[in-house]
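Asker: Dumping the structure here so I can ask a few things about it.
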Amino acid sequence: MLQYSLRRLLIGVGMLLALSVLIFLLLRLTPGDPIDAYIDPNIPMSPEQLADLRSQLGLDRPMPVQYLAWLQQAVAGNLGFSIKRQDQPVLELVLSRIGPTVLLMGSALVIAIIVGIVTGVISAVRRNSPVDLSFSVFALVGISSPAFLSALIGLYIFAVRLGWAPSGGMLTPGAEFSIGDLLHHLLLPAALLSIAQAALIMRYMRSSLLEVLNQDYVRTARAKGVKEFWVIAKHALRNALLPVVTVIGSTIGLAIGGAIFIESVFNWPGMGLLLVNAVETRDYPVIMGATLIIGACVIVVNLLTDITYAIIDPRIKVG
């Protein structure tokens with residue numbers, strides 16, 4: 001297990017390095033001059049001043065040299081300083097936004113796991129029934145609906161029309177902090193973020209459980225007179241969960257992409273909103289730093305998913 005984990009960790013580091021190279025190249029290939037983000041358009045600068053500023057920032061050096069200089073600082077824990085936020089350290093800025101994003105994504109994941117597994121089990125047990133058909137339609141719509149569309153529709157229905165939830169923010173402005181107020185603001189965006197994940201988990205749970213229910217040991221348990229509830233809960237569900245665990249891990253990346261839209265629509269002060277604002281203002285250090293940390297989180301989650309998969313089924317050899 002240790003060798004497997006170390007091997008997977010090295011692969012993850014390589015993927016993170018490749019991600020940083022890709023983002024660095026894409027930012028440099030975008031239209032416009034990076035120096036434009038560092039100057040005030042209302043203050044005219046001579047060509048000599050622009051050249052001096054470009055030299056100070058290292059933008060006059062070849063692109064590979066610029067990347068290696070940035071990578072050296074990043075490995076040391078220095079992700080640079082924000083251009084648009086009064087030279088605030090990028091690492092400090094990103095870390096201040098991780099908490100709200102983890103809260104939102106964690107809540108969405110819990111909702112998705114509960115809803116996805118429960119509906120998947122019910123659909124498999126009551127195969128081809130109206131309930132199964134209804135859940136299958138839900139899964140199809142959930143997987144097909146983009147996050148921004150779900151966010152806008154949910155905001156309009158539940159916040160604007162029905163008034164059941166706040167239209168944005170993490171807490172009520174000017175009010176004292178309370179868990180109830182936080183949950184009141186959290187429930188709607190977390191539920192909307194969980195839709196695609198829950199739909200995907202439900203589909204995999206249903207198909208996996210249907211396959212397991214046709215196995216010989218399940219038929220043997222039924223022949224021995226074991227009640228159907230215990231046949232499913234004790235004999236079938238554990239093995240049916242194996243592929244679902246992998247799906248749950250893979251939905252983390254899906255949740256990150258959805259969180260960017262959810263946080264933008266609901267003005268949720270997390271990393272998604274930070275990244276959107278950085279792209280709009282061309283704040284290159286923040287874009288690089290936030291992308292790197294998000295990529296690292298996804299890689300760690302995938303590593304933990306693989307290890308969990310092996311723990312659930314000891315027959316899997318990870319050597």
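Convention: chains lettered A, B, ... in structure tokens order; per-chain residue numbering from 1; ligands numbered from 1 as shown.
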Using only C-alpha atoms, which residues sit within 12 Å of A:Thr30 once same-chain residues fewer than 5 positions away are excluded, as a list in words?
Answerer: Ile23, Phe24, Leu25, Val279, Arg282 and Tyr284 of chain A
Asker: Could the residues in this selection be written to a file with C-alpha atoms, as a PDB file, in the first residue's frame?
Answerer:
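Wrote again.pdb, looks like this:
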```pdb
ATOM      1  CA  ILE A  23      -1.814  27.387 -17.458  1.00  0.00           C
ATOM      2  CA  PHE A  24       1.402  29.429 -17.737  1.00  0.00           C
ATOM      3  CA  LEU A  25       1.452  28.995 -21.524  1.00  0.00           C
ATOM      4  CA  VAL A 279      -9.609  36.264 -14.908  1.00  0.00           C
ATOM      5  CA  ARG A 282      -6.130  39.645 -15.682  1.00  0.00           C
ATOM      6  CA  TYR A 284      -2.010  36.567 -13.500  1.00  0.00           C
TER       7      TYR A 284
END
```
Asker: Near A:Phe229, counting only C-alpha atoms, which residues have an atom at most 12 Å away, once you skip same-chain residues fewer than 4 positions from it, shown as an NGL selection string?
Answerer: :A and (121-122 or 125 or 218 or 221-222 or 225 or 233-237)
Asker: Write a file of the just-selected residues containing all heavy atoms, as a short mmCIF file (atom, residue, chain, number, x, y, z; two decimals), in the first residue's frame.
Answerer:
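Now in result-v8.cif:
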```
data_model
loop_
_atom_site.label_atom_id
_atom_site.label_comp_id
_atom_site.auth_asym_id
_atom_site.auth_seq_id
_atom_site.Cartn_x
_atom_site.Cartn_y
_atom_site.Cartn_z
N VAL A 121 -30.29 2.87 -5.10
CA VAL A 121 -30.74 1.61 -4.51
C VAL A 121 -32.23 1.40 -4.77
O VAL A 121 -32.67 0.31 -5.16
CB VAL A 121 -30.44 1.59 -3.00
CG1 VAL A 121 -31.10 0.39 -2.33
CG2 VAL A 121 -28.93 1.56 -2.76
N ILE A 122 -33.02 2.44 -4.57
CA ILE A 122 -34.47 2.32 -4.80
C ILE A 122 -34.76 1.99 -6.26
O ILE A 122 -35.60 1.13 -6.57
CB ILE A 122 -35.18 3.62 -4.39
CG1 ILE A 122 -35.06 3.84 -2.87
CG2 ILE A 122 -36.65 3.58 -4.79
CD1 ILE A 122 -35.62 5.16 -2.40
N VAL A 125 -33.83 -1.72 -6.86
CA VAL A 125 -34.76 -2.65 -6.21
C VAL A 125 -36.11 -2.65 -6.91
O VAL A 125 -36.76 -3.69 -7.07
CB VAL A 125 -34.90 -2.30 -4.72
CG1 VAL A 125 -36.00 -3.15 -4.06
CG2 VAL A 125 -33.58 -2.51 -4.00
N VAL A 218 -25.97 -13.87 -4.07
CA VAL A 218 -27.19 -13.17 -3.70
C VAL A 218 -28.39 -14.13 -3.83
O VAL A 218 -29.26 -14.18 -2.94
CB VAL A 218 -27.40 -11.92 -4.57
CG1 VAL A 218 -28.75 -11.28 -4.28
CG2 VAL A 218 -26.27 -10.92 -4.32
N ALA A 221 -28.31 -16.46 -0.88
CA ALA A 221 -28.83 -15.84 0.35
C ALA A 221 -30.35 -15.79 0.34
O ALA A 221 -31.00 -16.05 1.37
CB ALA A 221 -28.24 -14.45 0.50
N ARG A 222 -30.92 -15.49 -0.80
CA ARG A 222 -32.38 -15.48 -0.90
C ARG A 222 -32.96 -16.88 -0.72
O ARG A 222 -34.00 -17.06 -0.08
CB ARG A 222 -32.80 -14.90 -2.25
CG ARG A 222 -32.62 -13.40 -2.37
CD ARG A 222 -32.82 -12.93 -3.79
NE ARG A 222 -32.82 -11.47 -3.90
CZ ARG A 222 -32.69 -10.81 -5.04
NH1 ARG A 222 -32.55 -11.47 -6.18
NH2 ARG A 222 -32.71 -9.48 -5.04
N GLY A 225 -33.57 -18.04 2.72
CA GLY A 225 -34.63 -17.37 3.46
C GLY A 225 -34.24 -16.05 4.08
O GLY A 225 -35.00 -15.51 4.90
N ALA A 233 -28.70 -4.96 2.07
CA ALA A 233 -27.86 -4.17 2.96
C ALA A 233 -26.56 -4.89 3.33
O ALA A 233 -25.50 -4.26 3.42
CB ALA A 233 -28.64 -3.83 4.23
N LYS A 234 -26.62 -6.21 3.54
CA LYS A 234 -25.46 -6.94 4.05
C LYS A 234 -24.65 -7.59 2.96
O LYS A 234 -23.42 -7.67 3.05
CB LYS A 234 -25.93 -7.98 5.06
CG LYS A 234 -24.80 -8.67 5.80
CD LYS A 234 -25.34 -9.61 6.87
CE LYS A 234 -24.21 -10.28 7.64
NZ LYS A 234 -24.72 -11.20 8.69
N HIS A 235 -25.29 -8.09 1.92
CA HIS A 235 -24.58 -8.88 0.91
C HIS A 235 -24.31 -8.11 -0.38
O HIS A 235 -23.23 -8.24 -0.96
CB HIS A 235 -25.39 -10.15 0.58
CG HIS A 235 -25.56 -11.07 1.75
ND1 HIS A 235 -24.58 -11.95 2.15
CD2 HIS A 235 -26.60 -11.25 2.60
CE1 HIS A 235 -25.00 -12.65 3.20
NE2 HIS A 235 -26.22 -12.24 3.50
N ALA A 236 -25.26 -7.34 -0.84
CA ALA A 236 -25.13 -6.72 -2.17
C ALA A 236 -24.53 -5.32 -2.13
O ALA A 236 -23.74 -4.95 -3.00
CB ALA A 236 -26.49 -6.69 -2.85
N LEU A 237 -24.91 -4.54 -1.13
CA LEU A 237 -24.56 -3.11 -1.16
C LEU A 237 -23.06 -2.87 -1.09
O LEU A 237 -22.53 -1.99 -1.77
CB LEU A 237 -25.27 -2.40 0.00
CG LEU A 237 -25.19 -0.86 -0.01
CD1 LEU A 237 -25.77 -0.32 -1.31
CD2 LEU A 237 -25.93 -0.29 1.19
#
```
Asker: Please report, as a PyMOL selection string, each residue of stretch 68-276 of chain A to which DSSP assigns helix (DSSP H, G or I) when run on this structure's backbone.
Answerer: chain A and resi 68-75+90-125+130-144+147-161+179-213+216-223+228-266+271-276
Asker: Pick the closest to A:Arg206 from A:Ala124, A:Leu50, A:Val137, A:Leu71: which is it, counting only C-alpha atoms?
Answerer: A:Ala124
Asker: Provide the atom CA of A:Ile111 to atom CA of A:Ala191 distance in Å, to one decimal place.
Answerer: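 So the two atoms, atom CA of A:Ile111 and atom CA of A:Ala191, lie 6.9 Å apart.
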Asker: Rounded to one decimal, what separation in Å do you get between atom CA of A:Pro173 and atom CA of A:Gly289?
Answerer: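 Atom-to-atom, atom CA of A:Pro173 and atom CA of A:Gly289 are spaced 29.1 Å apart.
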Asker: May I have the residues within 12 Å of A:Ile262 as an MDAnalysis selection string, using only C-alpha atoms and disregarding those fewer than 5 positions away in the same chain?
Answerer: chainID A and resid 101 104:105 108 146:155 167:169 186 188:195 255:257 267:273 276
Asker: Any chance you can output those residues with N, CA and C atoms as a short mmCIF file (atom, residue, chain, number, x, y, z; two decimals), in the first residue's frame?
Answerer:
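Saved file again-v7.cif follows:
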```cif
data_model
loop_
_atom_site.label_atom_id
_atom_site.label_comp_id
_atom_site.auth_asym_id
_atom_site.auth_seq_id
_atom_site.Cartn_x
_atom_site.Cartn_y
_atom_site.Cartn_z
N THR A 101 -15.14 27.63 0.14
CA THR A 101 -15.28 26.68 -0.96
C THR A 101 -15.36 25.25 -0.45
N LEU A 104 -18.82 24.72 0.97
CA LEU A 104 -19.82 24.57 -0.09
C LEU A 104 -19.70 23.22 -0.78
N MET A 105 -18.49 22.84 -1.19
CA MET A 105 -18.30 21.59 -1.89
C MET A 105 -18.53 20.39 -0.99
N ALA A 108 -22.24 19.98 -0.59
CA ALA A 108 -22.80 19.44 -1.83
C ALA A 108 -22.47 17.97 -2.00
N PRO A 146 -26.03 22.13 -17.43
CA PRO A 146 -24.81 22.82 -16.99
C PRO A 146 -25.03 23.52 -15.65
N ALA A 147 -23.93 23.67 -14.91
CA ALA A 147 -24.03 24.23 -13.56
C ALA A 147 -24.58 25.65 -13.57
N PHE A 148 -24.19 26.46 -14.56
CA PHE A 148 -24.65 27.84 -14.56
C PHE A 148 -26.16 27.92 -14.80
N LEU A 149 -26.69 26.97 -15.61
CA LEU A 149 -28.13 26.96 -15.87
C LEU A 149 -28.89 26.54 -14.60
N SER A 150 -28.41 25.51 -13.93
CA SER A 150 -29.05 25.08 -12.68
C SER A 150 -29.01 26.19 -11.64
N ALA A 151 -27.88 26.90 -11.57
CA ALA A 151 -27.75 27.98 -10.59
C ALA A 151 -28.74 29.11 -10.87
N LEU A 152 -28.86 29.51 -12.13
CA LEU A 152 -29.76 30.62 -12.47
C LEU A 152 -31.22 30.23 -12.26
N ILE A 153 -31.60 29.01 -12.68
CA ILE A 153 -32.98 28.56 -12.50
C ILE A 153 -33.31 28.42 -11.02
N GLY A 154 -32.39 27.82 -10.27
CA GLY A 154 -32.62 27.66 -8.83
C GLY A 154 -32.71 28.99 -8.11
N LEU A 155 -31.86 29.93 -8.51
CA LEU A 155 -31.90 31.26 -7.90
C LEU A 155 -33.23 31.94 -8.18
N SER A 167 -30.65 35.36 -1.83
CA SER A 167 -30.21 35.40 -3.23
C SER A 167 -28.71 35.43 -3.38
N GLY A 168 -27.98 35.55 -2.29
CA GLY A 168 -26.53 35.57 -2.41
C GLY A 168 -25.85 35.81 -1.08
N GLY A 169 -24.53 35.65 -1.10
CA GLY A 169 -23.75 35.87 0.11
C GLY A 169 -23.66 34.63 0.96
N LEU A 186 -26.40 28.57 2.91
CA LEU A 186 -25.64 27.47 2.30
C LEU A 186 -26.52 26.46 1.57
N LEU A 188 -29.25 26.28 -0.42
CA LEU A 188 -29.62 26.36 -1.84
C LEU A 188 -28.42 26.19 -2.76
N PRO A 189 -27.32 26.95 -2.60
CA PRO A 189 -26.19 26.73 -3.51
C PRO A 189 -25.59 25.33 -3.39
N ALA A 190 -25.56 24.76 -2.18
CA ALA A 190 -25.02 23.40 -2.02
C ALA A 190 -25.92 22.38 -2.73
N ALA A 191 -27.23 22.55 -2.59
CA ALA A 191 -28.16 21.62 -3.25
C ALA A 191 -28.05 21.71 -4.76
N LEU A 192 -27.93 22.92 -5.29
CA LEU A 192 -27.80 23.09 -6.74
C LEU A 192 -26.47 22.53 -7.25
N LEU A 193 -25.41 22.70 -6.46
CA LEU A 193 -24.11 22.17 -6.85
C LEU A 193 -24.10 20.64 -6.84
N SER A 194 -24.93 20.04 -6.00
CA SER A 194 -24.93 18.58 -5.85
C SER A 194 -25.74 17.87 -6.93
N ILE A 195 -26.49 18.60 -7.74
CA ILE A 195 -27.40 17.95 -8.69
C ILE A 195 -26.67 17.02 -9.65
N ALA A 255 -17.36 18.98 -9.33
CA ALA A 255 -17.86 19.94 -8.34
C ALA A 255 -17.05 21.24 -8.37
N ILE A 256 -15.76 21.14 -8.62
CA ILE A 256 -14.93 22.35 -8.68
C ILE A 256 -15.36 23.23 -9.85
N GLY A 257 -15.59 22.60 -11.01
CA GLY A 257 -16.06 23.37 -12.15
C GLY A 257 -17.41 24.00 -11.89
N ASN A 267 -22.67 34.87 -5.37
CA ASN A 267 -21.71 35.76 -4.72
C ASN A 267 -21.13 35.10 -3.46
N TRP A 268 -20.81 33.83 -3.58
CA TRP A 268 -20.25 33.06 -2.46
C TRP A 268 -18.74 33.32 -2.39
N PRO A 269 -18.22 33.79 -1.26
CA PRO A 269 -16.82 34.26 -1.21
C PRO A 269 -15.80 33.14 -1.16
N GLY A 270 -15.76 32.31 -2.21
CA GLY A 270 -14.83 31.20 -2.25
C GLY A 270 -13.80 31.34 -3.36
N MET A 271 -13.09 30.25 -3.62
CA MET A 271 -12.02 30.29 -4.62
C MET A 271 -12.57 30.43 -6.03
N GLY A 272 -13.77 29.91 -6.27
CA GLY A 272 -14.36 30.04 -7.59
C GLY A 272 -14.60 31.50 -7.96
N LEU A 273 -15.19 32.24 -7.03
CA LEU A 273 -15.42 33.67 -7.26
C LEU A 273 -14.10 34.41 -7.38
N VAL A 276 -12.72 33.73 -10.89
CA VAL A 276 -13.47 34.47 -11.92
C VAL A 276 -13.06 35.94 -11.92
#
```
Asker: Leaving out A:Val301 and any residue of its chain fewer than 5 positions from it, which residues lie within 10 Å of it when counting only C-alpha atoms, given as JSON, numbers by chain?
Answerer: {"A": [248, 249, 250, 252, 253, 295, 296, 306, 307]}
Asker: Would you save the residues from that selection as an mmCIF file, in the first residue's frame, using all heavy atoms?
Answerer:
```
data_model
loop_
_atom_site.group_PDB
_atom_site.id
_atom_site.type_symbol
_atom_site.label_atom_id
_atom_site.label_comp_id
_atom_site.auth_asym_id
_atom_site.auth_seq_id
_atom_site.Cartn_x
_atom_site.Cartn_y
_atom_site.Cartn_z
ATOM 1 N N ILE A 248 -17.493 8.826 -6.986
ATOM 2 C CA ILE A 248 -17.544 9.915 -6.004
ATOM 3 C C ILE A 248 -16.252 10.725 -6.051
ATOM 4 O O ILE A 248 -16.270 11.960 -6.016
ATOM 5 C CB ILE A 248 -17.797 9.359 -4.597
ATOM 6 C CG1 ILE A 248 -19.212 8.790 -4.505
ATOM 7 C CG2 ILE A 248 -17.588 10.442 -3.541
ATOM 8 C CD1 ILE A 248 -19.511 8.090 -3.198
ATOM 9 N N GLY A 249 -15.111 10.035 -6.143
ATOM 10 C CA GLY A 249 -13.838 10.751 -6.241
ATOM 11 C C GLY A 249 -13.728 11.574 -7.507
ATOM 12 O O GLY A 249 -13.235 12.709 -7.488
ATOM 13 N N SER A 250 -14.214 11.015 -8.607
ATOM 14 C CA SER A 250 -14.120 11.737 -9.879
ATOM 15 C C SER A 250 -15.053 12.933 -9.939
ATOM 16 O O SER A 250 -14.832 13.864 -10.721
ATOM 17 C CB SER A 250 -14.431 10.789 -11.043
ATOM 18 O OG SER A 250 -15.776 10.355 -10.992
ATOM 19 N N ILE A 252 -15.349 15.130 -7.748
ATOM 20 C CA ILE A 252 -14.742 16.300 -7.105
ATOM 21 C C ILE A 252 -14.343 17.330 -8.153
ATOM 22 O O ILE A 252 -14.571 18.533 -7.998
ATOM 23 C CB ILE A 252 -13.521 15.883 -6.263
ATOM 24 C CG1 ILE A 252 -13.934 14.898 -5.160
ATOM 25 C CG2 ILE A 252 -12.862 17.115 -5.648
ATOM 26 C CD1 ILE A 252 -14.920 15.442 -4.171
ATOM 27 N N GLY A 253 -13.739 16.849 -9.244
ATOM 28 C CA GLY A 253 -13.398 17.766 -10.329
ATOM 29 C C GLY A 253 -14.628 18.406 -10.929
ATOM 30 O O GLY A 253 -14.626 19.595 -11.261
ATOM 31 N N GLY A 295 -5.698 22.377 -8.445
ATOM 32 C CA GLY A 295 -5.191 21.144 -9.044
ATOM 33 C C GLY A 295 -4.603 20.202 -8.002
ATOM 34 O O GLY A 295 -4.808 18.981 -8.065
ATOM 35 N N ALA A 296 -3.881 20.754 -7.035
ATOM 36 C CA ALA A 296 -3.302 19.926 -5.975
ATOM 37 C C ALA A 296 -4.398 19.254 -5.155
ATOM 38 O O ALA A 296 -4.283 18.074 -4.789
ATOM 39 C CB ALA A 296 -2.413 20.781 -5.082
ATOM 40 N N ASP A 306 -8.425 6.305 -4.628
ATOM 41 C CA ASP A 306 -7.813 5.031 -5.011
ATOM 42 C C ASP A 306 -7.490 4.188 -3.784
ATOM 43 O O ASP A 306 -7.690 2.964 -3.788
ATOM 44 C CB ASP A 306 -6.539 5.286 -5.815
ATOM 45 C CG ASP A 306 -6.828 5.886 -7.180
ATOM 46 O OD1 ASP A 306 -7.980 5.745 -7.647
ATOM 47 O OD2 ASP A 306 -5.928 6.503 -7.767
ATOM 48 N N ILE A 307 -6.985 4.835 -2.736
ATOM 49 C CA ILE A 307 -6.650 4.096 -1.517
ATOM 50 C C ILE A 307 -7.918 3.560 -0.853
ATOM 51 O O ILE A 307 -7.961 2.413 -0.389
ATOM 52 C CB ILE A 307 -5.865 5.006 -0.553
ATOM 53 C CG1 ILE A 307 -4.508 5.376 -1.162
ATOM 54 C CG2 ILE A 307 -5.669 4.316 0.795
ATOM 55 C CD1 ILE A 307 -3.718 6.367 -0.338
#
```
Asker: In Å to one decimal, how far is atom CA of A:Ala18 from atom CA of A:Ala74?
Answerer: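 Taking atom CA of A:Ala74 as the start and atom CA of A:Ala18 as the end point, the length is 14.2 Å.
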Asker: Choose the residue, out of A:Pro62, A:Val21, A:Gly77, A:Ile143, that has the smallest atom-to-atom separation from A:Gly258; count only C-alpha atoms.
Answerer: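 With only C-alpha atoms as the atom set, the closest residue is A:Ile143.
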Asker: Within 12 Å of A:Ser82, counting only C-alpha atoms, which residues show up once you throw out same-chain ones fewer than 4 positions away? Write them as a PyMOL selection string, please.
Answerer: chain A and resi 37-38+78+86-94+274-275+277-278+281-290
Asker: Any chance you could export the current selection's N, CA, C and O atoms as an mmCIF file, in the first residue's frame?
Answerer:
```cif
data_model
loop_
_atom_site.group_PDB
_atom_site.id
_atom_site.type_symbol
_atom_site.label_atom_id
_atom_site.label_comp_id
_atom_site.auth_asym_id
_atom_site.auth_seq_id
_atom_site.Cartn_x
_atom_site.Cartn_y
_atom_site.Cartn_z
ATOM 1 N N ALA A 37 -1.424 44.730 -17.272
ATOM 2 C CA ALA A 37 -2.069 44.504 -15.980
ATOM 3 C C ALA A 37 -1.358 45.233 -14.850
ATOM 4 O O ALA A 37 -1.930 45.416 -13.769
ATOM 5 N N TYR A 38 -0.115 45.651 -15.074
ATOM 6 C CA TYR A 38 0.691 46.260 -14.013
ATOM 7 C C TYR A 38 0.715 47.786 -14.095
ATOM 8 O O TYR A 38 1.308 48.434 -13.224
ATOM 9 N N ASN A 78 6.109 30.652 -2.225
ATOM 10 C CA ASN A 78 5.837 32.026 -2.618
ATOM 11 C C ASN A 78 5.154 32.027 -3.979
ATOM 12 O O ASN A 78 5.775 31.767 -5.007
ATOM 13 N N GLN A 86 -3.754 45.375 -4.094
ATOM 14 C CA GLN A 86 -2.780 46.110 -3.298
ATOM 15 C C GLN A 86 -1.628 45.214 -2.851
ATOM 16 O O GLN A 86 -1.226 45.200 -1.678
ATOM 17 N N ASP A 87 -1.120 44.436 -3.790
ATOM 18 C CA ASP A 87 0.056 43.591 -3.553
ATOM 19 C C ASP A 87 -0.135 42.618 -2.394
ATOM 20 O O ASP A 87 0.806 42.311 -1.660
ATOM 21 N N GLN A 88 -1.346 42.104 -2.216
ATOM 22 C CA GLN A 88 -1.590 41.093 -1.192
ATOM 23 C C GLN A 88 -0.995 39.764 -1.647
ATOM 24 O O GLN A 88 -1.139 39.383 -2.808
ATOM 25 N N PRO A 89 -0.294 39.040 -0.753
ATOM 26 C CA PRO A 89 0.281 37.744 -1.147
ATOM 27 C C PRO A 89 -0.790 36.802 -1.680
ATOM 28 O O PRO A 89 -1.863 36.668 -1.095
ATOM 29 N N VAL A 90 -0.492 36.142 -2.804
ATOM 30 C CA VAL A 90 -1.461 35.252 -3.436
ATOM 31 C C VAL A 90 -1.806 34.088 -2.515
ATOM 32 O O VAL A 90 -2.976 33.698 -2.395
ATOM 33 N N LEU A 91 -0.799 33.518 -1.857
ATOM 34 C CA LEU A 91 -1.050 32.375 -0.973
ATOM 35 C C LEU A 91 -1.993 32.758 0.154
ATOM 36 O O LEU A 91 -2.927 32.013 0.482
ATOM 37 N N GLU A 92 -1.771 33.924 0.735
ATOM 38 C CA GLU A 92 -2.655 34.400 1.804
ATOM 39 C C GLU A 92 -4.070 34.636 1.281
ATOM 40 O O GLU A 92 -5.059 34.292 1.939
ATOM 41 N N LEU A 93 -4.173 35.183 0.085
ATOM 42 C CA LEU A 93 -5.476 35.465 -0.514
ATOM 43 C C LEU A 93 -6.235 34.167 -0.817
ATOM 44 O O LEU A 93 -7.424 34.047 -0.529
ATOM 45 N N VAL A 94 -5.529 33.185 -1.381
ATOM 46 C CA VAL A 94 -6.168 31.919 -1.728
ATOM 47 C C VAL A 94 -6.579 31.152 -0.481
ATOM 48 O O VAL A 94 -7.684 30.600 -0.408
ATOM 49 N N LEU A 274 -13.125 34.041 -6.569
ATOM 50 C CA LEU A 274 -11.805 34.666 -6.646
ATOM 51 C C LEU A 274 -11.179 34.437 -8.014
ATOM 52 O O LEU A 274 -10.621 35.368 -8.623
ATOM 53 N N LEU A 275 -11.301 33.212 -8.534
ATOM 54 C CA LEU A 275 -10.700 32.892 -9.821
ATOM 55 C C LEU A 275 -11.400 33.633 -10.958
ATOM 56 O O LEU A 275 -10.745 34.137 -11.888
ATOM 57 N N ASN A 277 -12.975 36.542 -10.741
ATOM 58 C CA ASN A 277 -12.571 37.947 -10.650
ATOM 59 C C ASN A 277 -11.140 38.150 -11.148
ATOM 60 O O ASN A 277 -10.831 39.163 -11.785
ATOM 61 N N ALA A 278 -10.268 37.177 -10.861
ATOM 62 C CA ALA A 278 -8.876 37.286 -11.319
ATOM 63 C C ALA A 278 -8.789 37.213 -12.836
ATOM 64 O O ALA A 278 -8.007 37.928 -13.463
ATOM 65 N N THR A 281 -9.950 40.560 -14.346
ATOM 66 C CA THR A 281 -9.004 41.664 -14.168
ATOM 67 C C THR A 281 -7.590 41.316 -14.642
ATOM 68 O O THR A 281 -6.676 42.118 -14.464
ATOM 69 N N ARG A 282 -7.437 40.096 -15.196
ATOM 70 C CA ARG A 282 -6.130 39.645 -15.682
ATOM 71 C C ARG A 282 -5.084 39.692 -14.575
ATOM 72 O O ARG A 282 -3.946 40.136 -14.783
ATOM 73 N N ASP A 283 -5.463 39.210 -13.424
ATOM 74 C CA ASP A 283 -4.547 39.140 -12.284
ATOM 75 C C ASP A 283 -3.791 37.815 -12.390
ATOM 76 O O ASP A 283 -4.155 36.809 -11.768
ATOM 77 N N TYR A 284 -2.710 37.803 -13.169
ATOM 78 C CA TYR A 284 -2.010 36.567 -13.500
ATOM 79 C C TYR A 284 -1.498 35.794 -12.282
ATOM 80 O O TYR A 284 -1.641 34.565 -12.239
ATOM 81 N N PRO A 285 -0.867 36.427 -11.303
ATOM 82 C CA PRO A 285 -0.380 35.649 -10.148
ATOM 83 C C PRO A 285 -1.503 34.929 -9.410
ATOM 84 O O PRO A 285 -1.326 33.790 -8.972
ATOM 85 N N VAL A 286 -2.659 35.572 -9.269
ATOM 86 C CA VAL A 286 -3.776 34.930 -8.586
ATOM 87 C C VAL A 286 -4.301 33.756 -9.412
ATOM 88 O O VAL A 286 -4.631 32.691 -8.864
ATOM 89 N N ILE A 287 -4.392 33.912 -10.725
ATOM 90 C CA ILE A 287 -4.858 32.823 -11.589
ATOM 91 C C ILE A 287 -3.931 31.618 -11.464
ATOM 92 O O ILE A 287 -4.381 30.475 -11.297
ATOM 93 N N MET A 288 -2.626 31.860 -11.534
ATOM 94 C CA MET A 288 -1.672 30.761 -11.429
ATOM 95 C C MET A 288 -1.735 30.100 -10.063
ATOM 96 O O MET A 288 -1.774 28.865 -9.951
ATOM 97 N N GLY A 289 -1.753 30.901 -9.003
ATOM 98 C CA GLY A 289 -1.759 30.353 -7.653
ATOM 99 C C GLY A 289 -3.029 29.581 -7.340
ATOM 100 O O GLY A 289 -2.982 28.466 -6.796
ATOM 101 N N ALA A 290 -4.171 30.150 -7.690
ATOM 102 C CA ALA A 290 -5.442 29.488 -7.411
ATOM 103 C C ALA A 290 -5.572 28.197 -8.207
ATOM 104 O O ALA A 290 -6.017 27.161 -7.683
#
```
Asker: Skip A:Ala165 itself and residues of its chain fewer than 6 positions away, then list as a list in words all residues within 7 Å of it, counting only C-alpha atoms.
Answerer: Phe158, Ala159, His184, His185 and Leu188 of chain A
Asker: Out of A:Met205, A:Val75, A:Leu187, A:Ala175, which residue has the shortest atom-to-atom distance to A:Ser136 when counting only C-alpha atoms?
Answerer: A:Met205
